[in-house]
Structures are given as structure tokens and as C-alpha cells.
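Trainee: This is the content of entry.cif (mmCIF, C-alpha atoms and all ligand atoms):
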```cif
data_data
loop_
_atom_site.group_PDB
_atom_site.id
_atom_site.type_symbol
_atom_site.label_atom_id
_atom_site.label_comp_id
_atom_site.auth_asym_id
_atom_site.auth_seq_id
_atom_site.Cartn_x
_atom_site.Cartn_y
_atom_site.Cartn_z
ATOM 1 C CA LYS P 13 35.488 -15.458 14.562
ATOM 2 C CA ARG P 14 37.108 -18.880 14.800
ATOM 3 C CA LEU P 15 35.638 -21.179 12.205
ATOM 4 C CA ILE P 16 36.094 -24.695 10.889
ATOM 5 C CA LEU P 17 34.998 -25.903 7.445
ATOM 6 C CA VAL P 18 34.410 -29.618 7.122
ATOM 7 C CA GLY P 19 33.184 -31.601 4.126
ATOM 8 C CA PRO P 20 34.275 -34.205 1.577
ATOM 9 C CA PRO P 21 36.705 -33.415 -1.267
ATOM 10 C CA GLY P 22 34.977 -31.184 -3.811
ATOM 11 C CA SER P 23 32.205 -30.019 -1.465
ATOM 12 C CA GLY P 24 33.136 -26.349 -2.010
ATOM 13 C CA LYS P 25 35.183 -25.466 1.086
ATOM 14 C CA GLY P 26 37.965 -23.801 -0.884
ATOM 15 C CA THR P 27 35.446 -21.872 -3.004
ATOM 16 C CA GLN P 28 33.632 -20.355 -0.022
ATOM 17 C CA SER P 29 36.752 -19.676 2.097
ATOM 18 C CA PRO P 30 37.949 -16.475 0.373
ATOM 19 C CA ILE P 31 34.445 -15.015 0.620
ATOM 20 C CA ILE P 32 34.343 -15.653 4.371
ATOM 21 C CA LYS P 33 37.907 -14.432 4.776
ATOM 22 C CA ASP P 34 37.276 -11.152 2.954
ATOM 23 C CA GLU P 35 34.111 -10.462 4.886
ATOM 24 C CA TYR P 36 35.463 -11.218 8.347
ATOM 25 C CA CYS P 37 39.215 -10.565 7.881
ATOM 26 C CA LEU P 38 40.250 -13.941 9.176
ATOM 27 C CA CYS P 39 43.349 -15.867 8.322
ATOM 28 C CA HIS P 40 42.681 -18.895 6.145
ATOM 29 C CA LEU P 41 44.585 -22.066 6.954
ATOM 30 C CA ALA P 42 44.057 -24.879 4.459
ATOM 31 C CA THR P 43 46.141 -27.899 5.455
ATOM 32 C CA GLY P 44 45.827 -29.378 1.944
ATOM 33 C CA ASP P 45 47.258 -26.171 0.370
ATOM 34 C CA MET P 46 50.053 -26.028 2.938
ATOM 35 C CA LEU P 47 50.942 -29.684 2.406
ATOM 36 C CA ARG P 48 50.949 -29.289 -1.397
ATOM 37 C CA ALA P 49 53.276 -26.279 -1.043
ATOM 38 C CA ALA P 50 55.591 -28.377 1.159
ATOM 39 C CA VAL P 51 55.533 -31.256 -1.349
ATOM 40 C CA ALA P 52 56.333 -28.900 -4.241
ATOM 41 C CA ALA P 53 59.213 -27.354 -2.273
ATOM 42 C CA LYS P 54 60.443 -30.845 -1.283
ATOM 43 C CA THR P 55 60.776 -29.821 2.373
ATOM 44 C CA PRO P 56 61.262 -32.650 4.935
ATOM 45 C CA LEU P 57 57.580 -32.266 5.798
ATOM 46 C CA GLY P 58 56.607 -32.507 2.133
ATOM 47 C CA VAL P 59 58.698 -35.618 1.634
ATOM 48 C CA LYS P 60 56.907 -37.273 4.571
ATOM 49 C CA ALA P 61 53.433 -36.265 3.367
ATOM 50 C CA LYS P 62 53.697 -37.049 -0.348
ATOM 51 C CA GLU P 63 53.085 -40.786 -0.382
ATOM 52 C CA ALA P 64 49.844 -40.648 1.634
ATOM 53 C CA MET P 65 48.569 -37.688 -0.393
ATOM 54 C CA ASP P 66 49.222 -39.384 -3.727
ATOM 55 C CA LYS P 67 47.202 -42.394 -2.548
ATOM 56 C CA GLY P 68 44.341 -40.286 -1.212
ATOM 57 C CA GLU P 69 45.037 -41.288 2.382
ATOM 58 C CA LEU P 70 45.364 -38.924 5.324
ATOM 59 C CA VAL P 71 48.836 -37.879 6.461
ATOM 60 C CA SER P 72 49.712 -38.456 10.120
ATOM 61 C CA ASP P 73 47.916 -36.496 12.823
ATOM 62 C CA ASP P 74 51.200 -35.322 14.385
ATOM 63 C CA LEU P 75 52.359 -33.831 11.122
ATOM 64 C CA VAL P 76 49.246 -31.731 10.438
ATOM 65 C CA VAL P 77 48.774 -30.785 14.099
ATOM 66 C CA GLY P 78 52.341 -29.429 14.017
ATOM 67 C CA ILE P 79 51.589 -27.329 10.918
ATOM 68 C CA ILE P 80 48.455 -25.846 12.480
ATOM 69 C CA ASP P 81 50.110 -25.176 15.836
ATOM 70 C CA GLU P 82 52.855 -23.260 14.011
ATOM 71 C CA ALA P 83 50.460 -21.359 11.713
ATOM 72 C CA LEU P 84 48.185 -20.247 14.577
ATOM 73 C CA LYS P 85 51.113 -18.220 15.946
ATOM 74 C CA LYS P 86 50.985 -15.852 12.969
ATOM 75 C CA PRO P 87 49.892 -12.290 13.857
ATOM 76 C CA SER P 88 47.203 -12.457 11.151
ATOM 77 C CA CYS P 89 45.567 -15.395 12.957
ATOM 78 C CA GLN P 90 45.190 -13.762 16.359
ATOM 79 C CA LYS P 91 41.771 -12.154 15.770
ATOM 80 C CA GLY P 92 40.234 -15.183 14.135
ATOM 81 C CA PHE P 93 40.771 -17.943 11.608
ATOM 82 C CA ILE P 94 39.164 -20.316 9.153
ATOM 83 C CA LEU P 95 40.462 -23.862 9.292
ATOM 84 C CA ASP P 96 39.758 -25.525 5.943
ATOM 85 C CA GLY P 97 40.375 -29.290 5.822
ATOM 86 C CA PHE P 98 41.426 -29.522 9.480
ATOM 87 C CA PRO P 99 40.601 -31.302 11.794
ATOM 88 C CA ARG P 100 39.962 -34.449 9.767
ATOM 89 C CA THR P 101 40.170 -37.003 12.603
ATOM 90 C CA VAL P 102 38.830 -36.979 16.156
ATOM 91 C CA VAL P 103 42.441 -37.024 17.424
ATOM 92 C CA GLN P 104 43.107 -33.808 15.447
ATOM 93 C CA ALA P 105 39.926 -32.245 16.870
ATOM 94 C CA GLU P 106 41.007 -33.075 20.429
ATOM 95 C CA LYS P 107 44.520 -31.726 19.836
ATOM 96 C CA LEU P 108 43.014 -28.541 18.403
ATOM 97 C CA ASP P 109 40.910 -28.100 21.555
ATOM 98 C CA ASP P 110 44.114 -28.421 23.629
ATOM 99 C CA MET P 111 45.952 -25.872 21.459
ATOM 100 C CA LEU P 112 43.107 -23.371 21.701
ATOM 101 C CA GLU P 113 42.628 -23.918 25.418
ATOM 102 C CA LYS P 114 46.279 -22.974 25.944
ATOM 103 C CA ARG P 115 45.585 -19.753 24.049
ATOM 104 C CA GLY P 116 42.398 -19.118 26.031
ATOM 105 C CA VAL P 117 40.073 -19.233 23.008
ATOM 106 C CA LYS P 118 37.677 -21.717 21.412
ATOM 107 C CA VAL P 119 35.993 -22.615 18.145
ATOM 108 C CA ASP P 120 32.868 -20.512 17.485
ATOM 109 C CA LYS P 121 31.320 -22.443 14.631
ATOM 110 C CA VAL P 122 31.765 -25.459 12.395
ATOM 111 C CA LEU P 123 30.242 -25.369 8.909
ATOM 112 C CA ASN P 124 29.487 -28.813 7.519
ATOM 113 C CA PHE P 125 29.442 -28.887 3.696
ATOM 114 C CA ALA P 126 26.906 -31.712 3.469
ATOM 115 C CA ILE P 127 26.640 -33.247 -0.014
ATOM 116 C CA ASP P 128 25.975 -36.565 -1.679
ATOM 117 C CA ASP P 129 29.042 -38.534 -2.858
ATOM 118 C CA THR P 130 27.582 -38.960 -6.361
ATOM 119 C CA ILE P 131 28.005 -35.241 -7.177
ATOM 120 C CA LEU P 132 31.666 -35.110 -6.270
ATOM 121 C CA GLU P 133 33.346 -36.937 -9.151
ATOM 122 C CA GLU P 134 32.253 -34.346 -11.719
ATOM 123 C CA ARG P 135 33.352 -31.516 -9.408
ATOM 124 C CA ILE P 136 36.752 -33.061 -8.720
ATOM 125 C CA THR P 137 37.655 -34.125 -12.257
ATOM 126 C CA GLY P 138 36.736 -30.674 -13.660
ATOM 127 C CA ARG P 139 38.680 -28.732 -10.998
ATOM 128 C CA TRP P 140 41.620 -26.486 -11.958
ATOM 129 C CA ILE P 141 43.586 -24.631 -9.298
ATOM 130 C CA HIS P 142 45.999 -21.744 -8.982
ATOM 131 C CA PRO P 143 48.571 -23.333 -6.661
ATOM 132 C CA ALA P 144 50.043 -20.124 -5.206
ATOM 133 C CA SER P 145 46.690 -18.789 -3.935
ATOM 134 C CA GLY P 146 44.650 -21.994 -3.635
ATOM 135 C CA ARG P 147 41.944 -20.453 -5.888
ATOM 136 C CA SER P 148 39.880 -23.085 -7.659
ATOM 137 C CA TYR P 149 37.994 -23.057 -10.930
ATOM 138 C CA HIS P 150 35.841 -25.603 -12.755
ATOM 139 C CA THR P 151 35.699 -26.238 -16.490
ATOM 140 C CA LYS P 152 31.877 -26.315 -16.364
ATOM 141 C CA PHE P 153 30.707 -24.679 -13.109
ATOM 142 C CA ALA P 154 33.261 -21.883 -12.591
ATOM 143 C CA PRO P 155 35.362 -21.411 -15.742
ATOM 144 C CA PRO P 156 38.256 -18.918 -15.685
ATOM 145 C CA LYS P 157 38.000 -15.948 -18.096
ATOM 146 C CA VAL P 158 40.771 -17.479 -20.188
ATOM 147 C CA PRO P 159 40.984 -21.317 -20.154
ATOM 148 C CA GLY P 160 43.931 -22.566 -18.063
ATOM 149 C CA VAL P 161 44.775 -19.092 -16.713
ATOM 150 C CA ASP P 162 44.170 -17.571 -13.250
ATOM 151 C CA ASP P 163 41.811 -14.537 -13.447
ATOM 152 C CA VAL P 164 43.740 -12.546 -10.831
ATOM 153 C CA THR P 165 47.425 -13.140 -11.597
ATOM 154 C CA GLY P 166 47.355 -14.401 -15.200
ATOM 155 C CA GLU P 167 49.450 -17.370 -14.064
ATOM 156 C CA PRO P 168 48.795 -20.909 -15.328
ATOM 157 C CA LEU P 169 46.269 -23.199 -13.641
ATOM 158 C CA ILE P 170 47.001 -26.846 -12.910
ATOM 159 C CA GLN P 171 45.023 -29.987 -12.156
ATOM 160 C CA ARG P 172 45.834 -31.704 -8.874
ATOM 161 C CA LYS P 173 47.535 -35.058 -9.204
ATOM 162 C CA ASP P 174 45.015 -36.601 -6.771
ATOM 163 C CA ASP P 175 41.943 -35.184 -8.575
ATOM 164 C CA THR P 176 41.214 -38.403 -10.468
ATOM 165 C CA ALA P 177 38.162 -40.672 -10.105
ATOM 166 C CA ALA P 178 40.376 -43.466 -8.710
ATOM 167 C CA VAL P 179 42.087 -41.396 -5.992
ATOM 168 C CA LEU P 180 38.781 -39.690 -5.169
ATOM 169 C CA LYS P 181 37.469 -43.130 -4.174
ATOM 170 C CA SER P 182 40.085 -43.528 -1.430
ATOM 171 C CA ARG P 183 39.706 -39.900 -0.354
ATOM 172 C CA LEU P 184 35.962 -40.484 0.111
ATOM 173 C CA GLU P 185 36.633 -43.688 2.060
ATOM 174 C CA ALA P 186 38.972 -41.744 4.339
ATOM 175 C CA PHE P 187 36.321 -39.055 4.725
ATOM 176 C CA HIS P 188 33.559 -41.444 5.746
ATOM 177 C CA ARG P 189 35.710 -43.520 8.060
ATOM 178 C CA GLN P 190 37.886 -40.844 9.691
ATOM 179 C CA THR P 191 36.244 -37.429 9.218
ATOM 180 C CA GLU P 192 32.535 -38.157 9.689
ATOM 181 C CA PRO P 193 33.168 -38.842 13.407
ATOM 182 C CA VAL P 194 34.557 -35.278 13.598
ATOM 183 C CA ILE P 195 31.138 -33.983 12.478
ATOM 184 C CA ASP P 196 29.522 -35.886 15.392
ATOM 185 C CA TYR P 197 32.170 -34.480 17.727
ATOM 186 C CA TYR P 198 31.153 -30.882 16.941
ATOM 187 C CA SER P 199 27.448 -31.686 16.693
ATOM 188 C CA LYS P 200 27.557 -32.865 20.317
ATOM 189 C CA LYS P 201 29.132 -29.524 21.267
ATOM 190 C CA SER P 202 26.187 -27.794 19.508
ATOM 191 C CA ILE P 203 28.400 -25.588 17.314
ATOM 192 C CA LEU P 204 27.686 -27.351 13.997
ATOM 193 C CA THR P 205 25.691 -25.873 11.082
ATOM 194 C CA ASN P 206 24.796 -28.069 8.110
ATOM 195 C CA LEU P 207 24.920 -26.465 4.654
ATOM 196 C CA HIS P 208 23.276 -27.680 1.442
ATOM 197 C CA ALA P 209 26.578 -27.899 -0.415
ATOM 198 C CA GLU P 210 25.022 -29.380 -3.576
ATOM 199 C CA LYS P 211 23.382 -26.022 -4.374
ATOM 200 C CA PRO P 212 24.978 -23.433 -6.726
ATOM 201 C CA PRO P 213 27.872 -21.388 -5.249
ATOM 202 C CA GLN P 214 25.773 -18.223 -4.697
ATOM 203 C CA GLU P 215 23.161 -20.157 -2.705
ATOM 204 C CA VAL P 216 25.816 -21.866 -0.600
ATOM 205 C CA LYS P 217 27.358 -18.445 0.001
ATOM 206 C CA ALA P 218 24.003 -17.141 1.256
ATOM 207 C CA GLU P 219 23.719 -20.098 3.650
ATOM 208 C CA VAL P 220 27.252 -19.434 4.911
ATOM 209 C CA GLN P 221 26.435 -15.759 5.531
ATOM 210 C CA LYS P 222 23.248 -16.687 7.361
ATOM 211 C CA ALA P 223 25.122 -19.171 9.543
ATOM 212 C CA LEU P 224 27.700 -16.534 10.473
ATOM 213 C CA SER P 225 25.351 -13.594 11.029
HETATM 214 P P1 LIG H 1 36.969 -28.391 -1.713
HETATM 215 O O1 LIG H 1 37.871 -27.250 -1.288
HETATM 216 O O2 LIG H 1 35.889 -28.670 -0.692
HETATM 217 O O3 LIG H 1 37.709 -29.621 -2.107
HETATM 218 P P2 LIG H 1 36.395 -26.711 -4.050
HETATM 219 O O4 LIG H 1 35.874 -25.439 -3.463
HETATM 220 O O5 LIG H 1 37.763 -26.719 -4.579
HETATM 221 O O6 LIG H 1 36.155 -27.926 -2.999
HETATM 222 O O7 LIG H 1 35.354 -27.150 -5.178
HETATM 223 C C1 LIG H 1 35.582 -28.300 -5.990
HETATM 224 C C2 LIG H 1 35.258 -27.961 -7.445
HETATM 225 O O8 LIG H 1 33.863 -27.717 -7.605
HETATM 226 C C3 LIG H 1 35.966 -26.711 -7.947
HETATM 227 O O9 LIG H 1 36.324 -26.933 -9.293
HETATM 228 C C4 LIG H 1 34.915 -25.610 -7.794
HETATM 229 O O10 LIG H 1 35.093 -24.599 -8.785
HETATM 230 C C5 LIG H 1 33.616 -26.348 -7.995
HETATM 231 N N1 LIG H 1 32.540 -25.880 -7.107
HETATM 232 C C6 LIG H 1 32.668 -25.366 -5.858
HETATM 233 N N2 LIG H 1 31.455 -25.063 -5.331
HETATM 234 C C7 LIG H 1 30.537 -25.416 -6.272
HETATM 235 C C8 LIG H 1 29.096 -25.368 -6.312
HETATM 236 N N3 LIG H 1 28.363 -24.908 -5.283
HETATM 237 N N4 LIG H 1 28.495 -25.833 -7.430
HETATM 238 C C9 LIG H 1 29.230 -26.309 -8.467
HETATM 239 N N5 LIG H 1 30.571 -26.380 -8.492
HETATM 240 C C10 LIG H 1 31.227 -25.937 -7.406
HETATM 241 P P1 LIG H 2 40.170 -31.476 -0.666
HETATM 242 O O1 LIG H 2 40.310 -30.017 -1.024
HETATM 243 O O2 LIG H 2 39.965 -32.289 -1.868
HETATM 244 O O3 LIG H 2 39.204 -31.675 0.443
HETATM 245 P P2 LIG H 2 42.707 -31.188 0.640
HETATM 246 O O4 LIG H 2 43.364 -30.264 -0.290
HETATM 247 O O5 LIG H 2 42.116 -30.626 1.890
HETATM 248 O O6 LIG H 2 41.595 -32.004 -0.147
HETATM 249 O O7 LIG H 2 43.709 -32.326 1.075
HETATM 250 C C1 LIG H 2 44.517 -33.011 0.139
HETATM 251 C C2 LIG H 2 45.266 -34.125 0.851
HETATM 252 O O8 LIG H 2 46.116 -33.574 1.878
HETATM 253 C C3 LIG H 2 44.386 -35.128 1.585
HETATM 254 O O9 LIG H 2 43.947 -36.172 0.734
HETATM 255 C C4 LIG H 2 45.356 -35.649 2.669
HETATM 256 O O10 LIG H 2 46.284 -36.590 2.145
HETATM 257 C C5 LIG H 2 46.138 -34.406 3.035
HETATM 258 N N1 LIG H 2 45.520 -33.667 4.161
HETATM 259 C C6 LIG H 2 45.028 -32.406 4.120
HETATM 260 N N2 LIG H 2 44.562 -32.027 5.328
HETATM 261 C C7 LIG H 2 44.771 -33.075 6.166
HETATM 262 C C8 LIG H 2 44.506 -33.315 7.545
HETATM 263 N N3 LIG H 2 43.908 -32.396 8.321
HETATM 264 N N4 LIG H 2 44.875 -34.522 8.062
HETATM 265 C C9 LIG H 2 45.474 -35.451 7.302
HETATM 266 N N5 LIG H 2 45.740 -35.300 6.003
HETATM 267 C C10 LIG H 2 45.398 -34.117 5.424
HETATM 268 P P1 LIG H 3 47.378 -14.482 4.632
HETATM 269 O O1 LIG H 3 47.618 -14.523 6.105
HETATM 270 O O2 LIG H 3 48.004 -13.328 3.932
HETATM 271 O O3 LIG H 3 45.958 -14.676 4.275
HETATM 272 P P2 LIG H 3 48.712 -16.944 4.776
HETATM 273 O O4 LIG H 3 50.007 -16.510 5.350
HETATM 274 O O5 LIG H 3 47.704 -17.539 5.705
HETATM 275 O O6 LIG H 3 48.071 -15.736 3.997
HETATM 276 O O7 LIG H 3 49.012 -18.021 3.668
HETATM 277 C C1 LIG H 3 48.583 -17.931 2.319
HETATM 278 C C2 LIG H 3 48.793 -19.299 1.702
HETATM 279 O O8 LIG H 3 50.167 -19.687 1.880
HETATM 280 C C3 LIG H 3 47.992 -20.390 2.401
HETATM 281 O O9 LIG H 3 46.703 -20.571 1.848
HETATM 282 C C4 LIG H 3 48.856 -21.591 2.175
HETATM 283 O O10 LIG H 3 48.607 -22.151 0.912
HETATM 284 C C5 LIG H 3 50.265 -21.055 2.176
HETATM 285 N N1 LIG H 3 50.896 -21.263 3.502
HETATM 286 C C6 LIG H 3 50.651 -20.600 4.649
HETATM 287 N N2 LIG H 3 51.387 -21.071 5.672
HETATM 288 C C7 LIG H 3 52.125 -22.078 5.152
HETATM 289 C C8 LIG H 3 53.082 -22.986 5.702
HETATM 290 N N3 LIG H 3 53.430 -22.986 6.994
HETATM 291 N N4 LIG H 3 53.648 -23.881 4.869
HETATM 292 C C9 LIG H 3 53.308 -23.917 3.560
HETATM 293 N N5 LIG H 3 52.406 -23.084 2.987
HETATM 294 C C10 LIG H 3 51.824 -22.190 3.771
#
```
Would you encode the structure as C-alpha cells?

Mentor:
Amino acid sequence: KRLILVGPPGSGKGTQSPIIKDEYCLCHLATGDMLRAAVAAKTPLGVKAKEAMDKGELVSDDLVVGIIDEALKKPSCQKGFILDGFPRTVVQAEKLDDMLEKRGVKVDKVLNFAIDDTILEERITGRWIHPASGRSYHTKFAPPKVPGVDDVTGEPLIQRKDDTAAVLKSRLEAFHRQTEPVIDYYSKKSILTNLHAEKPPQEVKAEVQKALS
């Protein structure tokens, strides 16, 4: 399957991705995770992306389209993929259609993690992540077995620099202004499914499974 996950910061995309990936053996491409890895490694790409990311603004379309175009060449992505956090603008969605057309494939389904803005601050400010895998935890809703430690690797968890109430505000503005039109774009193609992303993780998981069955 070729899937896209769209939703505001904190809506649960990263939490549901591994479940989908394990069940359908797809490659998982999260542009946010890839960009953070590039920033940490101080690659030329990371240097270009850092300023926008710190402010909660989107990085340039060309930059992320380039990352996705490159990643889609991986052998593990040939049978299917989950795009998590991409496309985030209509230009990115159009470029993705071009890329896939060249490869003779298309997007099967877009899952929209619909949720009210008011719930997101608590989710974002309580989030802890394991940077190497992208796994996320929450101090209240999904605590790790040992505080501050990844369940799987035993490595330390960190809080994202942009996971503050102030930066969340600009990230939500960017979402409403630039990413909501992407939801319309896929709705018009009749491949969009809306999820109740405010529900507990297990219930969202059940909705995801139903949408994909
Ligand atoms: P996204 O990838 O969309 O930004 P995450 O999956 O990282 O969102 O989730 C944001 C935070 O909320 C994380 O700390 C995660 O553990 C927690 N979380 C995810 N899904 C739920 C849910 N359904 N209910 C409560 N908390 C959740
Ligand atoms: P969240 O998990 O909170 O939804 P992400 O981890 O997906 O956030 O993204 C973090 C930051 O990386 C964004 O605020 C933005 O600066 C940048 N980013 C990620 N994906 C894209 C994209 N497709 N287009 C532009 N910028 C992106
Ligand atoms: P697998 O195919 O084994 O599932 P991936 O090769 O897709 O794993 O990548 C695992 C993680 O590595 C991704 O979630 C992402 O964080 C990071 N990653 C993948 N490709 C890149 C890239 N081009 N640049 C930076 N980080 C990447």
C-alpha cells in the first residue's frame, strides 16, 4: 500500500506509523525525523532547514521534495510506503503526484488525523522521543517503563526543541494555512479517510485498521 498520514503536530501520526508499518511491511518516511537527523549531523541540508524548524515554520518545498524523491528509491520502499508529515503544501502534493507518475504508481489512501487544536498543547509539551528510531512517548498518556529511557534500546529520550507552547502556535498556524488545503486536495480525489484522532491510541489504531482493510 502507498499511504499518506496528515494531521497537525501532536495528532498521533508518529504513534500510529510503526503499527501500520509492522502490519503491512511498508517503509516509513517521516520528513520531520529525516530533517532532525540532518540538523543533528549538521549536513548542508540540515544547516538550511534548521532556522525554519526552530521557528515552527515549514522548510522549503524543494528541500523536502528532494529528500522524498531520494528516499523513494530505496529498495524497502518499492512495495509500498507511509509518508508521515509529507506532503504539507499543495505544491508538495503536486510534486509527489509527478514523482509517482514517473514510477507508474499512485497514492492509495490518505489518513487525516482530525483533532481539535485545544488538545494538542498537552500532547506536545508532554512528548519525549527516541531520536534514532522516532519513537514517541508521553509523560501522562504513554509513559516509558523507565522515565527518560527508551523501552526498546535503553537509550535516553529527549524533548524536541520545538515542542514548546510558543513554537506550537506557529506550527499550528502553518498547518491551518498551508496543510489544510492538502486535505481538500486529497478529499477531491476521494482517497481521504478522516480519523477521530482525539480518541485513545487503541481506538485510533482500530480506526486506522478499518480504513486500511
Ligand atoms: P505526531 O507524530 O502527529 O506529531 P505523536 O504520535 O508524536 O504525534 O504524538 C504526540 C504525543 O501525544 C506523543 O507524546 C504521544 O505519545 C502522544 N499521543 C499519541 N497518540 C495519542 C492518543 N491517541 N492519545 C493520547 N496521547 C497520544
Ligand atoms: P510533527 O511531528 O510535530 O507534526 P514534524 O516532525 O513532522 O512535526 O516536523 C517538524 C518540522 O520539520 C516542521 O515544523 C517543519 O519545520 C519541518 N518539516 C517536516 N516535514 C516538512 C514538510 N513536508 N515540508 C516542510 N517542512 C517540513
Ligand atoms: P527502514 O527502511 O529500515 O524502515 P529507513 O531506512 O526508512 O528504515 O529509515 C529509518 C529512519 O532513518 C527514518 O525514520 C528516518 O528517521 C531516518 N532516515 C531515513 N532516511 C533518511 C535520510 N535520507 N536522511 C536522514 N535520515 C533518514

Trainee: Select, from P:Lys118, P:Arg100, P:Lys13, P:His142, the residue with the minimum atom-to-atom distance to ligand LIG 3 (chain H), counting only C-alpha atoms and all ligand atoms.

Mentor: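 Of all the options, P:His142 lies closest to ligand LIG 3 (chain H).
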
Trainee: Compare P:Glu215, P:Asp175, P:Asp129, P:Glu35 by their minimum atom-to-atom distance to ligand LIG 2 (chain H), counting all atoms listed in the file, and give me the closest one.

Mentor: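 The answer is P:Asp175, which sits nearest to ligand LIG 2 (chain H).
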
Trainee: Could you check how far atom CA of Thr27 of chain P sits from atom CA of Arg172 of chain P, in Å to one decimal?

Mentor: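 The value is 15.5 Å.
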
Trainee: Could you write out as lines of an AutoDock Vina configuration file the box around ligand LIG 1 (chain H) (axis-aligned, all atoms listed in the file, 4 Å on each side), with centre and edge lengths in Å to one decimal?

Mentor:
```
center_x = 33.1
center_y = -27.1
center_z = -5.0
size_x = 17.5
size_y = 13.0
size_z = 16.6
```

Trainee: Excluding Phe187 of chain P and any residue of its chain fewer than 2 positions from it, enumerate the residues within 10 Å of it, using only C-alpha atoms, and give them as a tab-separated table (two decimals) with C-alpha atoms, keeping the file's coordinate frame.

Mentor:
```tsv
chain	number	residue	atom	x	y	z
P	18	VAL	CA	34.41	-29.62	7.12
P	19	GLY	CA	33.18	-31.60	4.13
P	20	PRO	CA	34.28	-34.20	1.58
P	21	PRO	CA	36.70	-33.42	-1.27
P	69	GLU	CA	45.04	-41.29	2.38
P	70	LEU	CA	45.36	-38.92	5.32
P	100	ARG	CA	39.96	-34.45	9.77
P	101	THR	CA	40.17	-37.00	12.60
P	181	LYS	CA	37.47	-43.13	-4.17
P	182	SER	CA	40.08	-43.53	-1.43
P	183	ARG	CA	39.71	-39.90	-0.35
P	184	LEU	CA	35.96	-40.48	0.11
P	185	GLU	CA	36.63	-43.69	2.06
P	189	ARG	CA	35.71	-43.52	8.06
P	190	GLN	CA	37.89	-40.84	9.69
P	191	THR	CA	36.24	-37.43	9.22
P	192	GLU	CA	32.53	-38.16	9.69
P	193	PRO	CA	33.17	-38.84	13.41
P	194	VAL	CA	34.56	-35.28	13.60
```

Trainee: What are the nearest atom pairs, with distances in Å to one decimal, for all residues of chain P that come at most 7 Å from ligand LIG 1 (chain H), using only C-alpha atoms and all ligand atoms, set out by chain and rising residue number as CSV?

Mentor:
```
residue,atom,partner,partner_atom,distance
P:Gly19,CA,H:LIG1,O2,6.3
P:Pro20,CA,H:LIG1,O2,6.2
P:Pro21,CA,H:LIG1,O3,4.0
P:Gly22,CA,H:LIG1,O6,3.6
P:Ser23,CA,H:LIG1,O2,4.0
P:Gly24,CA,H:LIG1,O4,3.2
P:Lys25,CA,H:LIG1,O2,3.7
P:Gly26,CA,H:LIG1,O1,3.5
P:Thr27,CA,H:LIG1,O4,3.6
P:Gln28,CA,H:LIG1,O4,6.5
P:Arg135,CA,H:LIG1,O8,4.2
P:Ile136,CA,H:LIG1,C2,5.5
P:Gly138,CA,H:LIG1,O9,5.8
P:Arg139,CA,H:LIG1,O9,3.4
P:Trp140,CA,H:LIG1,O9,5.9
P:Ser148,CA,H:LIG1,O10,5.1
P:Tyr149,CA,H:LIG1,O10,3.9
P:His150,CA,H:LIG1,O9,3.7
P:Phe153,CA,H:LIG1,N5,4.9
P:Ala154,CA,H:LIG1,O10,5.0
P:Ala209,CA,H:LIG1,N3,6.0
P:Glu210,CA,H:LIG1,N3,5.8
P:Lys211,CA,H:LIG1,N3,5.2
P:Pro212,CA,H:LIG1,N3,4.0
P:Pro213,CA,H:LIG1,N3,3.6
P:Val216,CA,H:LIG1,N3,6.1
```

Trainee: Residue by residue, what does the PyMOL selection byres (((not hetatm)) within 12 of (chain H and resi 3)) grab here? Present the result as a PyMOL selection string.

Mentor: chain P and resi 26+29-30+32-34+36-58+75-97+141-148

Trainee: Work out how far apart atom CA of Thr176 of chain P and atom CA of Asp163 of chain P are and give it in Å to one decimal.

Mentor: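 Spanning atom CA of Thr176 of chain P to atom CA of Asp163 of chain P is a straight-line distance of 24.1 Å.
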
Trainee: Restricting the calculation to all atoms listed in the file, which member of P:Leu169, P:Val164, P:Leu180, P:Val122 is positioned closest to ligand LIG 2 (chain H)?

Mentor: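 Checking each of P:Leu169, P:Val164, P:Leu180, P:Val122 against ligand LIG 2 (chain H), counting all atoms listed in the file, the winner is P:Leu180.
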
Trainee: Can you work out which one of P:Gly116, P:Pro168, P:Gly160, P:Pro99 has the shortest atom-to-atom distance to ligand LIG 2 (chain H), counting only C-alpha atoms and all ligand atoms?

Mentor: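 Among the listed residues, P:Pro99 lies closest to ligand LIG 2 (chain H).
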
Trainee: Can you turn the PyMOL selection byres (((chain P and resi 203) around 6) and not hetatm) into a concrete residue list for this file, as a PyMOL selection string?

Mentor: chain P and resi 121-122+198+201-202+204

Trainee: Suppose we keep C-alpha atoms; can you now write the selection as a PDB file, in the frame of the given file?

Mentor:
```
ATOM      1  CA  LYS P 121      31.320 -22.443  14.631  1.00  0.00           C
ATOM      2  CA  VAL P 122      31.765 -25.459  12.395  1.00  0.00           C
ATOM      3  CA  TYR P 198      31.153 -30.882  16.941  1.00  0.00           C
ATOM      4  CA  LYS P 201      29.132 -29.524  21.267  1.00  0.00           C
ATOM      5  CA  SER P 202      26.187 -27.794  19.508  1.00  0.00           C
ATOM      6  CA  LEU P 204      27.686 -27.351  13.997  1.00  0.00           C
TER       7      LEU P 204
END
```

Trainee: Save N, CA and C atoms of segment 45-56 of chain P from the block above as an mmCIF file, in the first residue's frame.

Mentor:
```
data_model
loop_
_atom_site.group_PDB
_atom_site.id
_atom_site.type_symbol
_atom_site.label_atom_id
_atom_site.label_comp_id
_atom_site.auth_asym_id
_atom_site.auth_seq_id
_atom_site.Cartn_x
_atom_site.Cartn_y
_atom_site.Cartn_z
ATOM 1 N N ASP P 45 11.492 13.567 11.009
ATOM 2 C CA ASP P 45 12.594 12.750 11.558
ATOM 3 C C ASP P 45 13.849 12.885 10.691
ATOM 4 N N MET P 46 13.659 12.845 9.384
ATOM 5 C CA MET P 46 14.816 12.943 8.483
ATOM 6 C C MET P 46 15.482 14.316 8.609
ATOM 7 N N LEU P 47 14.661 15.354 8.697
ATOM 8 C CA LEU P 47 15.233 16.705 8.827
ATOM 9 C C LEU P 47 15.962 16.868 10.158
ATOM 10 N N ARG P 48 15.369 16.332 11.246
ATOM 11 C CA ARG P 48 16.049 16.429 12.553
ATOM 12 C C ARG P 48 17.384 15.685 12.533
ATOM 13 N N ALA P 49 17.419 14.530 11.847
ATOM 14 C CA ALA P 49 18.686 13.785 11.741
ATOM 15 C C ALA P 49 19.717 14.621 10.978
ATOM 16 N N ALA P 50 19.263 15.301 9.917
ATOM 17 C CA ALA P 50 20.179 16.134 9.122
ATOM 18 C C ALA P 50 20.674 17.340 9.917
ATOM 19 N N VAL P 51 19.783 17.918 10.748
ATOM 20 C CA VAL P 51 20.185 19.047 11.590
ATOM 21 C C VAL P 51 21.227 18.588 12.611
ATOM 22 N N ALA P 52 20.969 17.439 13.247
ATOM 23 C CA ALA P 52 21.884 16.923 14.264
ATOM 24 C C ALA P 52 23.253 16.618 13.659
ATOM 25 N N ALA P 53 23.261 16.117 12.420
ATOM 26 C CA ALA P 53 24.519 15.759 11.761
ATOM 27 C C ALA P 53 25.173 16.972 11.090
ATOM 28 N N LYS P 54 24.497 18.120 11.156
ATOM 29 C CA LYS P 54 24.990 19.362 10.546
ATOM 30 C C LYS P 54 25.346 19.180 9.062
ATOM 31 N N THR P 55 24.546 18.416 8.337
ATOM 32 C CA THR P 55 24.745 18.289 6.896
ATOM 33 C C THR P 55 24.295 19.599 6.241
ATOM 34 N N PRO P 56 24.706 19.846 4.966
ATOM 35 C CA PRO P 56 24.285 21.080 4.289
ATOM 36 C C PRO P 56 22.760 21.235 4.307
#
```
